[in-house]
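Structure data (PDB, C-alpha atoms, pLDDT in the B column) from protein-v3.pdb:
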ATOM      1  CA  MET A   1    -320.429  28.030  83.706  1.00 75.00           C
ATOM      2  CA  LEU A   2    -318.702  24.744  84.362  1.00 83.00           C
ATOM      3  CA  PRO A   3    -321.026  21.759  84.827  1.00 84.00           C
ATOM      4  CA  ARG A   4    -321.113  20.573  88.441  1.00 88.00           C
ATOM      5  CA  HIS A   5    -319.319  17.276  87.757  1.00 88.00           C
ATOM      6  CA  HIS A   6    -316.416  19.232  86.185  1.00 91.00           C
ATOM      7  CA  ARG A   7    -315.851  21.500  89.209  1.00 92.00           C
ATOM      8  CA  LEU A   8    -313.084  21.076  91.743  1.00 92.00           C
ATOM      9  CA  THR A   9    -314.676  22.010  95.062  1.00 91.00           C
ATOM     10  CA  ARG A  10    -312.896  20.399  98.021  1.00 94.00           C
ATOM     11  CA  PRO A  11    -309.911  22.265  99.525  1.00 96.00           C
ATOM     12  CA  ALA A  12    -307.980  18.969  99.744  1.00 95.00           C
ATOM     13  CA  ASP A  13    -308.356  18.509  95.963  1.00 93.00           C
ATOM     14  CA  PHE A  14    -307.050  22.040  95.333  1.00 96.00           C
ATOM     15  CA  LYS A  15    -304.084  21.425  97.651  1.00 96.00           C
ATOM     16  CA  ARG A  16    -303.220  18.047  96.077  1.00 95.00           C
ATOM     17  CA  THR A  17    -303.393  19.475  92.550  1.00 95.00           C
ATOM     18  CA  ILE A  18    -301.222  22.481  93.413  1.00 96.00           C
ATOM     19  CA  ARG A  19    -298.610  20.462  95.295  1.00 96.00           C
ATOM     20  CA  ALA A  20    -298.326  17.410  93.019  1.00 94.00           C
ATOM     21  CA  GLY A  21    -299.378  18.801  89.633  1.00 93.00           C
ATOM     22  CA  ALA A  22    -297.388  20.215  86.759  1.00 95.00           C
ATOM     23  CA  LYS A  23    -297.220  24.009  86.674  1.00 96.00           C
ATOM     24  CA  ALA A  24    -297.249  26.509  83.824  1.00 97.00           C
ATOM     25  CA  SER A  25    -297.545  30.256  84.161  1.00 96.00           C
ATOM     26  CA  SER A  26    -298.090  33.301  82.032  1.00 96.00           C
ATOM     27  CA  ARG A  27    -298.404  36.988  82.760  1.00 95.00           C
ATOM     28  CA  CYS A  28    -302.035  36.657  83.910  1.00 96.00           C
ATOM     29  CA  VAL A  29    -302.527  33.108  85.234  1.00 97.00           C
ATOM     30  CA  VAL A  30    -300.804  30.129  86.798  1.00 98.00           C
ATOM     31  CA  VAL A  31    -302.203  26.728  85.822  1.00 97.00           C
ATOM     32  CA  TYR A  32    -301.612  23.509  87.760  1.00 97.00           C
ATOM     33  CA  GLY A  33    -302.524  20.206  86.131  1.00 95.00           C
ATOM     34  CA  LEU A  34    -302.565  16.809  87.845  1.00 94.00           C
ATOM     35  CA  MET A  35    -302.954  13.831  85.556  1.00 90.00           C
ATOM     36  CA  PRO A  36    -304.601  10.636  86.858  1.00 83.00           C
ATOM     37  CA  GLY A  37    -302.396   7.716  87.857  1.00 72.00           C
ATOM     38  CA  SER A  38    -304.563   5.333  85.846  1.00 60.00           C
ATOM     39  CA  PRO A  39    -307.128   5.981  83.091  1.00 59.00           C
ATOM     40  CA  GLN A  40    -310.536   6.846  84.517  1.00 57.00           C
ATOM     41  CA  PRO A  41    -312.896   7.256  81.575  1.00 56.00           C
ATOM     42  CA  GLU A  42    -315.979   7.494  83.802  1.00 62.00           C
ATOM     43  CA  SER A  43    -314.835  10.743  85.408  1.00 78.00           C
ATOM     44  CA  GLY A  44    -314.183  13.814  83.338  1.00 84.00           C
ATOM     45  CA  PRO A  45    -311.601  16.499  84.046  1.00 92.00           C
ATOM     46  CA  ARG A  46    -312.272  18.762  87.015  1.00 94.00           C
ATOM     47  CA  VAL A  47    -311.320  22.450  87.147  1.00 96.00           C
ATOM     48  CA  GLY A  48    -311.002  24.858  90.064  1.00 96.00           C
ATOM     49  CA  VAL A  49    -310.475  28.627  89.894  1.00 97.00           C
ATOM     50  CA  THR A  50    -308.870  30.900  92.488  1.00 97.00           C
ATOM     51  CA  VAL A  51    -308.819  34.684  92.296  1.00 97.00           C
ATOM     52  CA  SER A  52    -307.322  36.486  95.304  1.00 95.00           C
ATOM     53  CA  LYS A  53    -308.035  39.988  96.542  1.00 96.00           C
ATOM     54  CA  ALA A  54    -304.708  41.062  95.049  1.00 96.00           C
ATOM     55  CA  VAL A  55    -306.429  40.968  91.639  1.00 97.00           C
ATOM     56  CA  GLY A  56    -308.898  43.690  92.608  1.00 96.00           C
ATOM     57  CA  GLY A  57    -312.248  44.388  94.174  1.00 96.00           C
ATOM     58  CA  ALA A  58    -315.165  41.982  94.160  1.00 97.00           C
ATOM     59  CA  VAL A  59    -316.511  43.108  90.784  1.00 97.00           C
ATOM     60  CA  VAL A  60    -313.120  42.713  89.122  1.00 97.00           C
ATOM     61  CA  ARG A  61    -312.467  39.333  90.785  1.00 97.00           C
ATOM     62  CA  HIS A  62    -315.817  37.948  89.658  1.00 97.00           C
ATOM     63  CA  ARG A  63    -315.277  39.194  86.107  1.00 96.00           C
ATOM     64  CA  VAL A  64    -311.866  37.538  85.954  1.00 97.00           C
ATOM     65  CA  ALA A  65    -313.254  34.299  87.430  1.00 96.00           C
ATOM     66  CA  ARG A  66    -316.033  34.258  84.811  1.00 95.00           C
ATOM     67  CA  GLN A  67    -313.477  34.741  82.025  1.00 96.00           C
ATOM     68  CA  ILE A  68    -311.361  31.886  83.363  1.00 96.00           C
ATOM     69  CA  ARG A  69    -314.347  29.553  83.792  1.00 95.00           C
ATOM     70  CA  HIS A  70    -315.482  30.321  80.250  1.00 95.00           C
ATOM     71  CA  ALA A  71    -311.996  29.523  78.906  1.00 95.00           C
ATOM     72  CA  ALA A  72    -311.861  26.306  80.954  1.00 94.00           C
ATOM     73  CA  SER A  73    -315.279  25.143  79.744  1.00 93.00           C
ATOM     74  CA  ALA A  74    -314.110  25.534  76.147  1.00 93.00           C
ATOM     75  CA  LEU A  75    -311.098  23.299  76.914  1.00 93.00           C
ATOM     76  CA  LEU A  76    -312.951  20.492  78.741  1.00 91.00           C
ATOM     77  CA  GLU A  77    -313.169  18.183  75.734  1.00 90.00           C
ATOM     78  CA  HIS A  78    -309.389  18.411  75.227  1.00 90.00           C
ATOM     79  CA  LEU A  79    -308.403  17.633  78.832  1.00 91.00           C
ATOM     80  CA  PRO A  80    -307.608  14.048  79.911  1.00 90.00           C
ATOM     81  CA  ALA A  81    -310.349  12.157  81.760  1.00 89.00           C
ATOM     82  CA  GLY A  82    -309.797  12.073  85.509  1.00 90.00           C
ATOM     83  CA  SER A  83    -307.367  15.011  85.512  1.00 93.00           C
ATOM     84  CA  SER A  84    -307.549  17.886  88.011  1.00 94.00           C
ATOM     85  CA  TRP A  85    -306.767  21.498  87.128  1.00 96.00           C
ATOM     86  CA  VAL A  86    -306.401  24.629  89.257  1.00 97.00           C
ATOM     87  CA  ILE A  87    -306.229  28.011  87.543  1.00 97.00           C
ATOM     88  CA  ARG A  88    -304.982  30.897  89.696  1.00 98.00           C
ATOM     89  CA  ALA A  89    -305.406  34.464  88.486  1.00 97.00           C
ATOM     90  CA  LEU A  90    -302.555  36.938  88.925  1.00 96.00           C
ATOM     91  CA  PRO A  91    -303.064  40.720  89.374  1.00 97.00           C
ATOM     92  CA  PRO A  92    -302.416  41.571  85.672  1.00 96.00           C
ATOM     93  CA  ALA A  93    -305.511  39.501  84.794  1.00 96.00           C
ATOM     94  CA  ALA A  94    -307.647  42.427  86.004  1.00 95.00           C
ATOM     95  CA  VAL A  95    -306.636  44.544  83.002  1.00 95.00           C
ATOM     96  CA  SER A  96    -305.889  41.813  80.458  1.00 92.00           C
ATOM     97  CA  THR A  97    -308.022  41.704  77.333  1.00 89.00           C
ATOM     98  CA  ASP A  98    -307.450  37.999  76.643  1.00 92.00           C
ATOM     99  CA  VAL A  99    -307.207  35.868  79.773  1.00 95.00           C
ATOM    100  CA  ALA A 100    -308.545  32.899  77.770  1.00 94.00           C
ATOM    101  CA  ALA A 101    -305.458  32.873  75.527  1.00 95.00           C
ATOM    102  CA  ASP A 102    -303.197  32.714  78.584  1.00 96.00           C
ATOM    103  CA  VAL A 103    -305.211  29.825  80.047  1.00 96.00           C
ATOM    104  CA  ARG A 104    -305.094  27.964  76.720  1.00 95.00           C
ATOM    105  CA  ALA A 105    -301.340  28.481  76.340  1.00 95.00           C
ATOM    106  CA  CYS A 106    -300.589  27.233  79.870  1.00 96.00           C
ATOM    107  CA  VAL A 107    -302.781  24.146  79.474  1.00 96.00           C
ATOM    108  CA  GLU A 108    -301.110  23.338  76.149  1.00 95.00           C
ATOM    109  CA  ARG A 109    -297.663  23.657  77.783  1.00 95.00           C
ATOM    110  CA  ILE A 110    -298.653  21.227  80.542  1.00 95.00           C
ATOM    111  CA  LEU A 111    -300.227  18.748  78.136  1.00 92.00           C
ATOM    112  CA  GLY A 112    -297.249  19.009  75.793  1.00 89.00           C
ATOM    113  CA  GLY A 113    -294.939  18.092  78.638  1.00 66.00           C
ATOM    114  CA  VAL A 114    -297.089  15.110  79.672  1.00 55.00           C
ATOM    115  CA  ARG A 115    -297.569  13.465  76.296  1.00 44.00           C
TER
END

Is it possible to give me this structure as structure tokens?
Amino acid sequence: MLPRHHRLTRPADFKRTIRAGAKASSRCVVVYGLMPGSPQPESGPRVGVTVSKAVGGAVVRHRVARQIRHAASALLEHLPAGSSWVIRALPPAAVSTDVAADVRACVERILGGVR
């Protein structure tokens, strides 16, 4: 579970991150990352997860969301302070055995392009 202060919760924050952030995709997920305009060491990175009904029924969607949140929590220490991230699951995530690897690869692509 992501700690509360690392969660993206407001719809406006999701929208801003998706529209203005860098995008990387894989077979199972699409990751949007918005870096802060200025360094903000007091606020850590914030992550939001979206899993639509196209992925599957409620049980499948919740399982996929848990996998994504677990992968995101493992990456928190590597994400820039003040950054916002939205991770959107795609339908193949329902049958994927390693959603975490896709999340990691997309985040690394975004961070590699920023640095």

> What do you get, as a ChimeraX atom specification, if you spell out every residue that the PyMOL selection byres ((chain A and resi 15) around 12) selects here?
Replying inline: /A:8-14,16-21,32-34,48,50,84-86

> Suppose you want the space between atom CA of Arg88 of chain A and atom CA of Arg63 of chain A; what is it in Å?
Replying inline: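 Taking atom CA of Arg88 of chain A as the start and atom CA of Arg63 of chain A as the end point, the length is 13.7 Å.
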
>> Show me, as a list in words, the residues that have an atom within 10 Å of Gly44 of chain A when counting only C-alpha atoms, minus same-chain residues fewer than 2 positions from it.
In response: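 In the requested form, the answer reads His5, His6, Arg7, Gln40, Pro41, Glu42, Arg46, Val47, Leu76, Glu77, Leu79, Pro80, Ala81, Gly82, Ser83 and Ser84 of chain A.
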
>> I want to know what sits within 9 Å of segment 64-67 of chain A, based on only C-alpha atoms, with residues of the same chain fewer than 2 positions away left out; could you give that as a count of residues only?
In response: 19

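Non-sequential neighbours of Ser26 of chain A (distance at most 7 Å, separation of 3 or more positions within a chain, all atoms listed in the file) are Val29, Val30, Asp102 and Cys106 of chain A.
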
> Any idea what the distance is between atom CA of Arg27 of chain A and atom CA of Lys53 of chain A?
Replying inline: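 If I compute the distance from atom CA of Arg27 of chain A to atom CA of Lys53 of chain A, I get 17.1 Å.
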
> At a cut-off of 7 Å from (-302.3, 43.7, 92.2) in the coordinates of the file, what residues are picked up using all atoms listed in the file, written as a list in words?
Replying inline: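 The residues that fall inside the cut-off are Ala54, Val55, Gly56, Pro91 and Pro92 of chain A.
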
>> As an exercise, work out the distance from atom CA of Arg4 of chain A to atom CA of Leu111 of chain A in Å and give it to one decimal place.
In response: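 Spanning atom CA of Arg4 of chain A to atom CA of Leu111 of chain A is a straight-line distance of 23.4 Å.
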
> Between A:Glu108, A:Ala74, A:Ala101, A:Val95, which has the minimum distance to Leu2 of chain A (counting only C-alpha atoms)?
Replying inline: A:Ala74

Return the padded bounding box of segment 68-76 of chain A as AutoDock Vina command-line options: axis-aligned, built from all atoms listed in the file, 4 Å added on each side, with centre and edge lengths in Å to one decimal.
--center_x -313.3 --center_y 26.2 --center_z 80.0 --size_x 12.4 --size_y 19.4 --size_z 15.6
